[in-house]
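**Student:** Please find one structure pasted underneath; my questions will follow.
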Amino acid sequence: MLSINVFGNRINKRISAFFLFCFMMSVALLIGMGSVWIPFETVVQVSLLLAVLLPSFLLALSSSSWLLPSIIATWAFLPEVRRLFDWLTGGYTSISLLSIAPLLVSMMMLIPIIRKIHELPKPVQTTIFWFAITCGYGLSIGFVKNGVASLFDLAGYIIPLLIIPYIYTSKLGQKERDRWLSAYANIAVIVALYGLIQYLVAPPWDVFWMNHVEMNSIGRPEPLSIRVFSTLNSPGPAGLFLSGALAPMLLEQRWRGFLGWLGVALVAICLALTMVRASWITLVIILATYMLTNNSRHKLRSILSLLAFGVVMYVVLSRLPGAEAIMGRFQSLGSASEDQSFNERLAFSMNLIPTLLQNPLGSGLGSIGVGTKLENGGALGTFGDFDNGFWAIFLTFGIVFGFFFFRGVWLVAKRAIVAMKSKSIPMNGPRLTLAVLAGAFVSLIFSNAFTGLNGVILWFLVGAGLVGTYQESDGDLK
C-alpha cells in the first residue's frame with residue numbers, strides 16, 4: 001500500500017510539472033505573438049510582471065514557508081524597478097502595470113489557503129466574516145459610485161488580510177516566525193542602504209521620477225536635499241516599512257537579521273532621513289506596549305538597552321550631513337501647536353465631521369486613496385491624498401460598517417490576549433501582535449494602516465505574532 005501511495009505521489013508531481021511547463025510555454029508563446037501588435041514597453045512590463053509572479057507562484061504551489069518573505073520583498077523593491085523602467089524608456093505614467101505586481105504576488109497566498117480552508121478555526125472564520133461583510137458592503141456602494149476604482153480599493157483591503165488565514169492554514173511554528181522576521185530585517189537593511197545612497201548621491205532614475213511625480217513633500221531632487229523614499233513609493237511608505245522592521249529588530253536579538261546591531265543602526269538612520277514623524281511615533285508605541293506586557297526579570301535591562309540605543313542614535317543623527325532638517329523634525333514633536341503640518345491635519349479632520357454626518361452610509365470603496373486615479377484620468381480624486389485613517393474607514397464604509405471593521409480588528413487582538421494566558425506558547429509572539437495593533441491604532445491619526453503596503457506590513461507582523469496560537473481557547477473567542 002505504501003509503495004502504491006509513493007508511486008501515486010510521483011505521478012501527481014510529474015503531472016503538475018507537465019502542466020506547469022505547458023503553462024510557461026503558453027505564456028512565452030503569447031508574449032512572442034503579442035509583441036507583434038503590442039507596444040514594446042507594454043511587452044516588457046508584462047514580461048517583468050510574469051518574472052515577478054512566477055517565483056511566488058512556485059513557492060505557493062510547493063507550500064514553502066518563504067512565500068511571505070518573497071511578498072514583503074516584492075512590495076519593497078518593485079517601485080524602484082518601475083522607476084528604473086520609466087527612466088530607461090524615458091516616459092512616466094501615473095498608472096503602470098508594474099504597480100499591481102505586489103497585489104498579484106500577494107494573491108498567491110490563496111493557493112495554500114484554498115487547499116486547507118476547511119481547517120480554519122471557528123474564531124478565525126468569525127473574524128474573517130466581519131471583515132468580509134464590511135468590504136462587501138463597501139464594494140456594493142463603491143462600485144455604483146466609483147466604478148473600477150472600488151475593485152482596486154477592495155484589493156487594497158482584502159489582499160493584505162489574506163495573511164491571517166494563510167498563517168492559520170499553514171500551521172507553521174516559531175522557527176518559521178523567526179525566519180520571517182529575520183528576513184524582513186534583512187530586506188529592510190537593503191532598503192536602508194539604498195536609502196543612504198539615494199540621500200548622498202541622488203541617482204538619476206530617482207531624480208527623473210521626482211521631476212515628474214506631483215508630490216511636494218519629497219524634497220528637492222539633489223544630494224542631501226531628498227526626503228528619503230529609498231526603493232518605496234514615497235517617504236511615507238518608506239518610513240512605515242522601515243519602522244515596521246525596526247520594531248522587532250529592537251525587541252528581540254533573533255529578529256535582527258544577519259547584520260545584528262549594525263543593521264539596526266542602518267535602518268534607524270534611514271528611517272530618520274525619511275523625516276516621517278508618524279513612523280517614529282508608531283515605533284515608540286510598539287516598543288512601549290511590548291515592554292509593558294513583559295513580565296520577565298530582564299524587563300529593566302531591555303528598557304535600558306533601548307534608551308541607550310536612542311541616545312547613541314540621537315548623537316549620530318545630529319552629526320549627519322543635513323542634520324538641521326532632521327533634528328528640526330524631531331524637535332517639532334514637542335511643539336505640536338506651532339507645527340503647520342499638525343494644524344493642517346487637525347483642520348482637515350474637523351472639516352470632515354460634517355461630511356460624515358451628511359453621508360452616514362459611506363461613500364464606498366474607491367472613494368479614498370490612490371485608487372481614485374482610475375476614475376479621474378490618472379490624477380488623484382478629491383480624497384486621493386487622505387491624512388486620517390479613522391475618517392478614511394468611516395467615510396468608506398459608513399458609521400455602522402466602520403464599527404463592524406473595527407470589530408474584526410478587536411477579535412484579532414482578543415485572540416492574542418487569550419494566547420498570552422497560555423503556558424504552552426512563548427509570550428513574545430502574542431505580545432508582538434498586541435504591540436503592533438496598538439501602534440496601528442495610533443497611526444490611524446496619520447493614515448490608513450489597513451490597506452495597501454500599510455496593511456501588508458501590519459497583518460504580516462500581527463500574523464507572525466499569532467504563529468502557534470492555532471488551538472488556543474477557541475471557545476473564548478466568540
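In the C-alpha cells, each chain is lettered A, B, ... as it comes, each chain's residues begin at 1, and ligands are numbered from 1 in order of appearance.
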Could you find all residues in stretch 58-202 of chain A that DSSP calls alpha helix (DSSP H) from the backbone, and write them as a PyMOL selection string?

**Tutor:** chain A and resi 58-61+67-89+101-106+110-115+122-146+148-161+163-170+174-201

**Student:** Would you kindly return, as number ranges by chain, each protein, DNA or RNA residue with an atom no farther than 9 Å from any atom of stretch 47-62 of chain A, considering only C-alpha atoms and excluding same-chain residues fewer than 6 positions away?

**Tutor:** A: 27-28, 31, 68, 70-71, 74, 78, 97-98, 100-102, 104-106, 108-112

**Student:** Could you dump the residues just selected with all heavy atoms as a compact mmCIF listing (two decimals), in the first residue's frame?

**Tutor:**
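Dumped to selection_13.txt:
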# COMPACT_ATOMS: atom_id res chain seq x y z
N VAL A 27 2.55 30.94 -22.00
CA VAL A 27 2.78 32.35 -21.70
C VAL A 27 3.86 32.92 -22.60
O VAL A 27 3.73 34.02 -23.16
CB VAL A 27 3.16 32.52 -20.22
CG1 VAL A 27 3.65 33.94 -19.95
CG2 VAL A 27 1.97 32.21 -19.32
N ALA A 28 4.97 32.17 -22.76
CA ALA A 28 6.06 32.62 -23.63
C ALA A 28 5.57 32.81 -25.06
O ALA A 28 5.93 33.79 -25.74
CB ALA A 28 7.20 31.62 -23.59
N ILE A 31 3.40 35.93 -25.30
CA ILE A 31 4.21 37.15 -25.28
C ILE A 31 4.87 37.37 -26.64
O ILE A 31 4.91 38.49 -27.17
CB ILE A 31 5.28 37.07 -24.17
CG1 ILE A 31 4.60 37.13 -22.80
CG2 ILE A 31 6.28 38.21 -24.30
CD1 ILE A 31 5.57 36.94 -21.64
N LEU A 68 5.87 34.30 2.32
CA LEU A 68 5.65 35.62 2.92
C LEU A 68 6.85 36.55 2.77
O LEU A 68 6.68 37.71 2.39
CB LEU A 68 5.26 35.48 4.39
CG LEU A 68 3.76 35.34 4.70
CD1 LEU A 68 3.52 35.29 6.20
CD2 LEU A 68 2.97 36.49 4.10
N SER A 70 8.97 36.56 0.39
CA SER A 70 9.01 36.96 -1.02
C SER A 70 7.98 38.04 -1.32
O SER A 70 8.23 38.95 -2.13
CB SER A 70 8.79 35.75 -1.93
OG SER A 70 7.42 35.35 -1.95
N ILE A 71 6.84 37.97 -0.66
CA ILE A 71 5.81 39.00 -0.83
C ILE A 71 6.30 40.34 -0.28
O ILE A 71 6.14 41.40 -0.92
CB ILE A 71 4.51 38.56 -0.14
CG1 ILE A 71 3.87 37.39 -0.91
CG2 ILE A 71 3.52 39.72 -0.04
CD1 ILE A 71 2.69 36.75 -0.20
N THR A 74 8.77 41.89 -2.63
CA THR A 74 8.12 42.46 -3.81
C THR A 74 7.58 43.85 -3.52
O THR A 74 7.78 44.79 -4.31
CB THR A 74 6.98 41.54 -4.29
OG1 THR A 74 7.50 40.24 -4.57
CG2 THR A 74 6.34 42.10 -5.56
N LEU A 78 9.70 46.55 -5.90
CA LEU A 78 9.05 46.79 -7.20
C LEU A 78 8.92 48.27 -7.57
O LEU A 78 9.08 48.61 -8.75
CB LEU A 78 7.69 46.09 -7.24
CG LEU A 78 7.59 44.92 -8.23
CD1 LEU A 78 7.71 45.38 -9.67
CD2 LEU A 78 8.67 43.89 -7.92
N LEU A 97 1.40 48.92 -15.23
CA LEU A 97 1.14 47.50 -14.96
C LEU A 97 1.96 47.01 -13.78
O LEU A 97 1.51 46.17 -13.00
CB LEU A 97 1.49 46.67 -16.20
CG LEU A 97 0.41 46.48 -17.27
CD1 LEU A 97 0.97 45.71 -18.44
CD2 LEU A 97 -0.81 45.77 -16.69
N LEU A 98 3.18 47.53 -13.62
CA LEU A 98 4.05 47.10 -12.53
C LEU A 98 3.50 47.51 -11.17
O LEU A 98 3.89 46.94 -10.15
CB LEU A 98 5.45 47.67 -12.73
CG LEU A 98 6.21 47.18 -13.97
CD1 LEU A 98 7.56 47.87 -14.09
CD2 LEU A 98 6.39 45.67 -13.91
N ILE A 100 0.59 46.97 -10.04
CA ILE A 100 -0.28 45.95 -9.46
C ILE A 100 0.47 44.66 -9.14
O ILE A 100 -0.11 43.73 -8.58
CB ILE A 100 -1.46 45.62 -10.40
CG1 ILE A 100 -0.95 45.01 -11.72
CG2 ILE A 100 -2.29 46.85 -10.67
CD1 ILE A 100 -2.05 44.48 -12.60
N ALA A 101 1.77 44.61 -9.47
CA ALA A 101 2.55 43.39 -9.22
C ALA A 101 2.54 42.96 -7.75
O ALA A 101 2.33 41.78 -7.46
CB ALA A 101 3.97 43.57 -9.73
N PRO A 102 2.76 43.87 -6.79
CA PRO A 102 2.73 43.43 -5.39
C PRO A 102 1.39 42.82 -4.97
O PRO A 102 1.36 41.84 -4.22
CB PRO A 102 3.01 44.73 -4.61
CG PRO A 102 3.77 45.59 -5.57
CD PRO A 102 3.17 45.29 -6.91
N LEU A 104 -0.74 41.24 -6.99
CA LEU A 104 -0.86 39.94 -7.64
C LEU A 104 0.02 38.90 -6.95
O LEU A 104 -0.39 37.74 -6.76
CB LEU A 104 -0.48 40.05 -9.12
CG LEU A 104 -1.42 40.90 -9.99
CD1 LEU A 104 -0.88 40.98 -11.42
CD2 LEU A 104 -2.83 40.34 -9.98
N VAL A 105 1.23 39.29 -6.57
CA VAL A 105 2.11 38.37 -5.85
C VAL A 105 1.50 37.97 -4.51
O VAL A 105 1.53 36.80 -4.11
CB VAL A 105 3.50 39.02 -5.64
CG1 VAL A 105 4.33 38.22 -4.63
CG2 VAL A 105 4.24 39.12 -6.96
N SER A 106 0.90 38.94 -3.82
CA SER A 106 0.26 38.65 -2.53
C SER A 106 -0.91 37.69 -2.68
O SER A 106 -1.22 36.91 -1.78
CB SER A 106 -0.20 39.94 -1.87
OG SER A 106 0.87 40.84 -1.68
N MET A 108 -1.00 35.12 -4.31
CA MET A 108 -0.53 33.73 -4.35
C MET A 108 -0.82 32.99 -3.04
O MET A 108 -0.84 31.77 -3.00
CB MET A 108 0.98 33.68 -4.64
CG MET A 108 1.38 34.19 -6.02
SD MET A 108 0.64 33.26 -7.38
CE MET A 108 -0.53 34.47 -8.00
N MET A 109 -1.07 33.75 -1.97
CA MET A 109 -1.44 33.12 -0.70
C MET A 109 -2.74 32.35 -0.81
O MET A 109 -3.03 31.46 0.01
CB MET A 109 -1.55 34.18 0.41
CG MET A 109 -0.23 34.73 0.90
SD MET A 109 -0.41 35.85 2.30
CE MET A 109 -1.10 37.30 1.50
N LEU A 110 -3.56 32.69 -1.80
CA LEU A 110 -4.83 31.98 -1.97
C LEU A 110 -4.63 30.50 -2.27
O LEU A 110 -5.48 29.67 -1.93
CB LEU A 110 -5.64 32.63 -3.10
CG LEU A 110 -6.34 33.95 -2.77
CD1 LEU A 110 -6.89 34.57 -4.05
CD2 LEU A 110 -7.46 33.71 -1.76
N ILE A 111 -3.50 30.15 -2.89
CA ILE A 111 -3.27 28.75 -3.26
C ILE A 111 -3.20 27.85 -2.02
O ILE A 111 -3.97 26.88 -1.92
CB ILE A 111 -2.00 28.62 -4.13
CG1 ILE A 111 -2.21 29.35 -5.46
CG2 ILE A 111 -1.65 27.15 -4.37
CD1 ILE A 111 -0.97 29.41 -6.34
N PRO A 112 -2.33 28.13 -1.05
CA PRO A 112 -2.34 27.30 0.16
C PRO A 112 -3.59 27.48 1.02
O PRO A 112 -4.01 26.55 1.72
CB PRO A 112 -1.08 27.72 0.91
CG PRO A 112 -0.73 29.07 0.37
CD PRO A 112 -1.21 29.09 -1.04

**Student:** Got a sec: who's within 9 Å of stretch 275-284 of chain A, counting only C-alpha atoms, leaving out chain neighbours fewer than 6 positions off, as a list in words?

**Tutor:** Arg227, Val228, Pro235, Gly236, Ala238, Gly239, Leu240, Phe241, Leu242, Ser243, Gly244, Leu246, Ala247, Ala325, Ile326, Arg329, Phe330, Leu333, Val436, Ala438, Gly439, Ala440, Phe441, Val442, Ser443, Ile445, Phe446 and Ser447 of chain A

**Student:** Would you export the selected residues with N, CA and C atoms as a CSV table (one decimal), in the first residue's frame, please?

**Tutor:**
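Everything below was put into result38.csv:
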chain,number,residue,atom,x,y,z
A,227,ARG,N,14.0,63.9,0.8
A,227,ARG,CA,13.4,63.2,1.9
A,227,ARG,C,13.4,61.7,1.4
A,228,VAL,N,14.2,60.9,2.0
A,228,VAL,CA,14.5,59.6,1.5
A,228,VAL,C,13.2,58.8,1.4
A,235,PRO,N,8.3,59.0,0.9
A,235,PRO,CA,8.8,58.9,2.2
A,235,PRO,C,7.8,58.2,3.2
A,236,GLY,N,6.5,58.4,3.0
A,236,GLY,CA,5.5,57.8,4.0
A,236,GLY,C,5.6,56.3,4.0
A,238,ALA,N,8.0,54.5,2.9
A,238,ALA,CA,9.4,54.1,3.3
A,238,ALA,C,9.5,54.1,4.8
A,239,GLY,N,9.0,55.2,5.4
A,239,GLY,CA,9.1,55.3,6.9
A,239,GLY,C,8.3,54.2,7.6
A,240,LEU,N,7.1,53.9,7.0
A,240,LEU,CA,6.3,52.8,7.6
A,240,LEU,C,7.0,51.4,7.5
A,241,PHE,N,7.6,51.2,6.3
A,241,PHE,CA,8.3,49.9,6.1
A,241,PHE,C,9.5,49.7,7.0
A,242,LEU,N,10.3,50.8,7.2
A,242,LEU,CA,11.4,50.7,8.0
A,242,LEU,C,11.1,50.7,9.5
A,243,SER,N,10.1,51.4,9.9
A,243,SER,CA,9.7,51.3,11.3
A,243,SER,C,9.1,50.0,11.7
A,244,GLY,N,8.4,49.4,10.7
A,244,GLY,CA,7.8,48.1,10.9
A,244,GLY,C,8.9,47.0,11.1
A,246,LEU,N,12.1,47.8,12.1
A,246,LEU,CA,12.9,48.3,13.2
A,246,LEU,C,12.4,47.8,14.6
A,247,ALA,N,11.0,47.8,14.7
A,247,ALA,CA,10.4,47.4,16.0
A,247,ALA,C,10.8,46.0,16.4
A,325,ALA,N,17.7,69.8,9.3
A,325,ALA,CA,16.4,69.4,8.9
A,325,ALA,C,15.8,68.2,9.7
A,326,ILE,N,16.7,67.2,9.9
A,326,ILE,CA,16.3,66.0,10.6
A,326,ILE,C,16.0,66.4,12.1
A,329,ARG,N,12.8,68.2,12.6
A,329,ARG,CA,11.6,67.3,12.6
A,329,ARG,C,11.4,66.6,14.0
A,330,PHE,N,12.5,66.2,14.6
A,330,PHE,CA,12.4,65.6,15.9
A,330,PHE,C,11.8,66.6,16.9
A,333,LEU,N,8.1,67.6,17.4
A,333,LEU,CA,7.2,66.7,18.1
A,333,LEU,C,6.8,67.3,19.5
A,436,VAL,N,1.9,45.7,17.9
A,436,VAL,CA,1.7,46.2,16.5
A,436,VAL,C,0.3,46.8,16.3
A,438,ALA,N,-1.6,48.1,18.7
A,438,ALA,CA,-1.6,49.4,19.4
A,438,ALA,C,-0.9,50.5,18.6
A,439,GLY,N,0.2,50.1,17.9
A,439,GLY,CA,0.9,51.1,17.1
A,439,GLY,C,0.0,51.5,15.9
A,440,ALA,N,-0.7,50.5,15.3
A,440,ALA,CA,-1.6,50.7,14.1
A,440,ALA,C,-2.7,51.7,14.5
A,441,PHE,N,-3.3,51.4,15.7
A,441,PHE,CA,-4.4,52.3,16.2
A,441,PHE,C,-4.0,53.7,16.3
A,442,VAL,N,-2.8,54.0,16.8
A,442,VAL,CA,-2.3,55.3,16.9
A,442,VAL,C,-2.0,55.9,15.6
A,443,SER,N,-1.4,55.1,14.7
A,443,SER,CA,-1.0,55.6,13.3
A,443,SER,C,-2.2,56.0,12.5
A,445,ILE,N,-4.3,58.1,13.1
A,445,ILE,CA,-4.4,59.5,13.2
A,445,ILE,C,-3.7,60.1,12.0
A,446,PHE,N,-2.7,59.4,11.4
A,446,PHE,CA,-2.0,60.0,10.3
A,446,PHE,C,-2.4,59.4,8.9
A,447,SER,N,-2.7,58.1,8.9
A,447,SER,CA,-3.0,57.4,7.6
A,447,SER,C,-3.8,56.2,7.9

**Student:** Please, what distance in Å, to one decimal, runs between atom CA of A:His212 and atom CA of A:Val46?

**Tutor:** 22.9 Å

**Student:** Extract, using only C-alpha atoms, all DNA, RNA and protein residues at most 9 Å from A:Phe460, discarding same-chain residues fewer than 5 positions from it, and format them as a PyMOL selection string.

**Tutor:** chain A and resi 68+72+160-161+163-164+455+465

**Student:** Set the distance at 12 Å and use only C-alpha atoms: which residues neighbour stretch 393-396 of chain A once local chain neighbours fewer than 5 positions away are removed? I'd like the list as a ChimeraX atom specification.

**Tutor:** /A:134-143,145-146,150,153-154,157,349,352-369,383,386-388,401-406,444-445,447-451

**Student:** Include C-alpha atoms and write out the residues we just selected as a PDB file, in the first residue's frame.

**Tutor:**
ATOM      1  CA  THR A 134     -17.755  45.179   5.754  1.00  0.00           C
ATOM      2  CA  CYS A 135     -15.799  45.020   2.496  1.00  0.00           C
ATOM      3  CA  GLY A 136     -18.789  43.508   0.679  1.00  0.00           C
ATOM      4  CA  TYR A 137     -20.916  46.443   1.755  1.00  0.00           C
ATOM      5  CA  GLY A 138     -18.198  48.907   0.758  1.00  0.00           C
ATOM      6  CA  LEU A 139     -17.981  47.303  -2.685  1.00  0.00           C
ATOM      7  CA  SER A 140     -21.755  47.380  -3.227  1.00  0.00           C
ATOM      8  CA  ILE A 141     -21.788  51.132  -2.554  1.00  0.00           C
ATOM      9  CA  GLY A 142     -18.453  51.886  -4.190  1.00  0.00           C
ATOM     10  CA  PHE A 143     -18.975  50.082  -7.483  1.00  0.00           C
ATOM     11  CA  LYS A 145     -20.393  55.455  -7.167  1.00  0.00           C
ATOM     12  CA  ASN A 146     -16.752  54.904  -8.076  1.00  0.00           C
ATOM     13  CA  SER A 150     -13.774  50.257  -5.981  1.00  0.00           C
ATOM     14  CA  ASP A 153      -9.584  49.602  -3.262  1.00  0.00           C
ATOM     15  CA  LEU A 154     -11.160  46.249  -2.367  1.00  0.00           C
ATOM     16  CA  TYR A 157      -8.103  45.922   1.959  1.00  0.00           C
ATOM     17  CA  SER A 349     -10.124  66.164  10.406  1.00  0.00           C
ATOM     18  CA  LEU A 352     -14.633  66.046   7.656  1.00  0.00           C
ATOM     19  CA  ILE A 353     -17.141  65.741  10.518  1.00  0.00           C
ATOM     20  CA  PRO A 354     -19.991  67.426   8.582  1.00  0.00           C
ATOM     21  CA  THR A 355     -19.159  65.294   5.525  1.00  0.00           C
ATOM     22  CA  LEU A 356     -19.503  62.088   7.546  1.00  0.00           C
ATOM     23  CA  LEU A 357     -22.725  63.219   9.235  1.00  0.00           C
ATOM     24  CA  GLN A 358     -24.228  64.096   5.843  1.00  0.00           C
ATOM     25  CA  ASN A 359     -23.257  60.692   4.444  1.00  0.00           C
ATOM     26  CA  PRO A 360     -23.591  58.163   7.302  1.00  0.00           C
ATOM     27  CA  LEU A 361     -23.870  55.229   4.842  1.00  0.00           C
ATOM     28  CA  GLY A 362     -20.387  55.912   3.476  1.00  0.00           C
ATOM     29  CA  SER A 363     -19.022  56.648   0.017  1.00  0.00           C
ATOM     30  CA  GLY A 364     -17.925  53.083  -0.661  1.00  0.00           C
ATOM     31  CA  LEU A 365     -14.639  51.579  -1.773  1.00  0.00           C
ATOM     32  CA  GLY A 366     -12.724  53.566  -4.369  1.00  0.00           C
ATOM     33  CA  SER A 367     -13.634  56.964  -2.950  1.00  0.00           C
ATOM     34  CA  ILE A 368     -10.406  57.473  -0.989  1.00  0.00           C
ATOM     35  CA  GLY A 369      -6.717  56.997  -1.762  1.00  0.00           C
ATOM     36  CA  PHE A 383      -9.957  62.415  -1.292  1.00  0.00           C
ATOM     37  CA  PHE A 386      -6.095  61.475   2.803  1.00  0.00           C
ATOM     38  CA  ASP A 387      -4.372  62.128   6.138  1.00  0.00           C
ATOM     39  CA  ASN A 388      -6.591  60.361   8.673  1.00  0.00           C
ATOM     40  CA  PHE A 401     -19.980  49.092   8.935  1.00  0.00           C
ATOM     41  CA  GLY A 402     -16.983  51.139  10.054  1.00  0.00           C
ATOM     42  CA  PHE A 403     -17.587  49.764  13.552  1.00  0.00           C
ATOM     43  CA  PHE A 404     -18.008  46.287  12.027  1.00  0.00           C
ATOM     44  CA  PHE A 405     -14.498  46.628  10.581  1.00  0.00           C
ATOM     45  CA  PHE A 406     -13.049  47.531  13.959  1.00  0.00           C
ATOM     46  CA  LEU A 444      -4.635  55.897  12.132  1.00  0.00           C
ATOM     47  CA  ILE A 445      -4.358  59.516  13.218  1.00  0.00           C
ATOM     48  CA  SER A 447      -3.011  57.449   7.609  1.00  0.00           C
ATOM     49  CA  ASN A 448      -4.983  54.267   6.953  1.00  0.00           C
ATOM     50  CA  ALA A 449      -2.955  51.414   8.445  1.00  0.00           C
ATOM     51  CA  PHE A 450      -5.150  48.656   6.997  1.00  0.00           C
ATOM     52  CA  THR A 451      -4.797  48.999   3.243  1.00  0.00           C
TER      53      THR A 451
END

**Student:** Set the distance at 12 Å and use only C-alpha atoms: which residues neighbour A:Arg83 once local chain neighbours fewer than 6 positions away are removed? I'd like the list as an NGL selection string.

**Tutor:** :A and (77 or 89-94 or 96 or 98-99 or 203-213 or 230-234)

**Student:** Take the residues from that selection and write them out as a compact mmCIF listing (two decimals), in the first residue's frame, keeping N, CA, C and O atoms.

**Tutor:**
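Result written to selection00.txt:
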# COMPACT_ATOMS: atom_id res chain seq x y z
N PHE A 77 10.71 46.31 -3.27
CA PHE A 77 11.62 46.62 -4.37
C PHE A 77 10.95 46.96 -5.70
O PHE A 77 11.57 47.58 -6.56
N THR A 89 13.08 53.99 -20.39
CA THR A 89 12.21 54.20 -21.55
C THR A 89 11.92 55.68 -21.79
O THR A 89 11.36 56.05 -22.83
N GLY A 90 12.28 56.53 -20.81
CA GLY A 90 12.11 57.96 -20.97
C GLY A 90 10.68 58.44 -20.89
O GLY A 90 10.35 59.54 -21.35
N GLY A 91 9.78 57.64 -20.27
CA GLY A 91 8.38 58.03 -20.16
C GLY A 91 7.83 57.73 -18.78
O GLY A 91 8.11 56.67 -18.21
N TYR A 92 7.06 58.68 -18.24
CA TYR A 92 6.44 58.49 -16.92
C TYR A 92 4.93 58.44 -17.07
O TYR A 92 4.33 59.25 -17.77
N THR A 93 4.33 57.44 -16.43
CA THR A 93 2.86 57.37 -16.37
C THR A 93 2.45 57.16 -14.92
O THR A 93 3.13 56.46 -14.17
N SER A 94 1.36 57.79 -14.52
CA SER A 94 0.92 57.68 -13.13
C SER A 94 0.33 56.30 -12.83
O SER A 94 0.25 55.89 -11.68
N SER A 96 0.70 52.21 -13.93
CA SER A 96 1.56 51.26 -14.63
C SER A 96 1.16 49.83 -14.28
O SER A 96 0.65 49.57 -13.18
N LEU A 98 3.18 47.53 -13.62
CA LEU A 98 4.05 47.10 -12.53
C LEU A 98 3.50 47.51 -11.17
O LEU A 98 3.89 46.94 -10.15
N SER A 99 2.59 48.49 -11.16
CA SER A 99 2.02 48.94 -9.90
C SER A 99 1.18 47.87 -9.23
O SER A 99 1.03 47.85 -8.01
N PRO A 203 20.41 59.25 -7.31
CA PRO A 203 20.51 58.53 -8.59
C PRO A 203 19.60 59.14 -9.65
O PRO A 203 18.51 59.63 -9.35
N PRO A 204 20.03 59.12 -10.92
CA PRO A 204 19.27 59.81 -11.99
C PRO A 204 17.86 59.27 -12.18
O PRO A 204 16.96 60.03 -12.54
N TRP A 205 17.64 57.96 -11.98
CA TRP A 205 16.29 57.42 -12.17
C TRP A 205 15.34 57.92 -11.08
O TRP A 205 14.16 58.14 -11.33
N ASP A 206 15.88 58.12 -9.86
CA ASP A 206 15.04 58.68 -8.80
C ASP A 206 14.77 60.16 -9.04
O ASP A 206 13.67 60.65 -8.78
N VAL A 207 15.78 60.87 -9.55
CA VAL A 207 15.60 62.29 -9.89
C VAL A 207 14.58 62.43 -11.01
O VAL A 207 13.71 63.32 -10.96
N PHE A 208 14.64 61.54 -12.01
CA PHE A 208 13.67 61.55 -13.11
C PHE A 208 12.25 61.41 -12.57
O PHE A 208 11.33 62.14 -12.98
N TRP A 209 12.07 60.48 -11.63
CA TRP A 209 10.75 60.26 -11.05
C TRP A 209 10.30 61.47 -10.24
O TRP A 209 9.14 61.90 -10.34
N MET A 210 11.20 62.04 -9.45
CA MET A 210 10.85 63.20 -8.62
C MET A 210 10.44 64.39 -9.48
O MET A 210 9.58 65.18 -9.09
N ASN A 211 11.05 64.51 -10.64
CA ASN A 211 10.73 65.64 -11.53
C ASN A 211 9.39 65.46 -12.23
O ASN A 211 8.85 66.44 -12.77
N HIS A 212 8.86 64.25 -12.25
CA HIS A 212 7.60 64.00 -12.96
C HIS A 212 6.41 63.77 -12.04
O HIS A 212 5.27 64.09 -12.41
N VAL A 213 6.66 63.21 -10.87
CA VAL A 213 5.54 62.92 -9.98
C VAL A 213 5.06 64.21 -9.32
O VAL A 213 5.85 65.12 -9.03
N SER A 230 13.85 55.78 -0.64
CA SER A 230 14.57 54.55 -0.96
C SER A 230 13.91 53.81 -2.12
O SER A 230 13.62 54.42 -3.15
N THR A 231 13.61 52.53 -1.96
CA THR A 231 13.01 51.75 -3.05
C THR A 231 11.49 51.78 -3.02
O THR A 231 10.84 51.13 -3.85
N LEU A 232 10.90 52.50 -2.06
CA LEU A 232 9.45 52.59 -1.94
C LEU A 232 8.90 53.75 -2.76
O LEU A 232 9.65 54.45 -3.45
N ASN A 233 7.58 53.99 -2.65
CA ASN A 233 6.92 54.98 -3.50
C ASN A 233 7.12 56.42 -3.05
O ASN A 233 7.09 57.33 -3.87
N SER A 234 7.28 56.63 -1.76
CA SER A 234 7.40 57.98 -1.22
C SER A 234 7.91 57.87 0.22
O SER A 234 8.00 56.76 0.76

**Student:** Between A:Tyr184, A:Phe85, A:Tyr290, A:Tyr194, which residue has the minimum interatomic distance to A:Ser302, considering only C-alpha atoms?

**Tutor:**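 Looking only at the distances to A:Ser302, the closest residue turns out to be A:Tyr290.
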
**Student:** How many Å lie between atom CA of A:Gly463 and atom CA of A:Thr433, rounded to one decimal?

**Tutor:**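 These two atoms are separated by 7.3 Å.
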
**Student:** Just to confirm, what's the straight-line distance from atom CA of A:Val312 to atom CA of A:Gln253 in Å (one decimal)?

**Tutor:**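 Computing it gives 18.3 Å between the two atoms.
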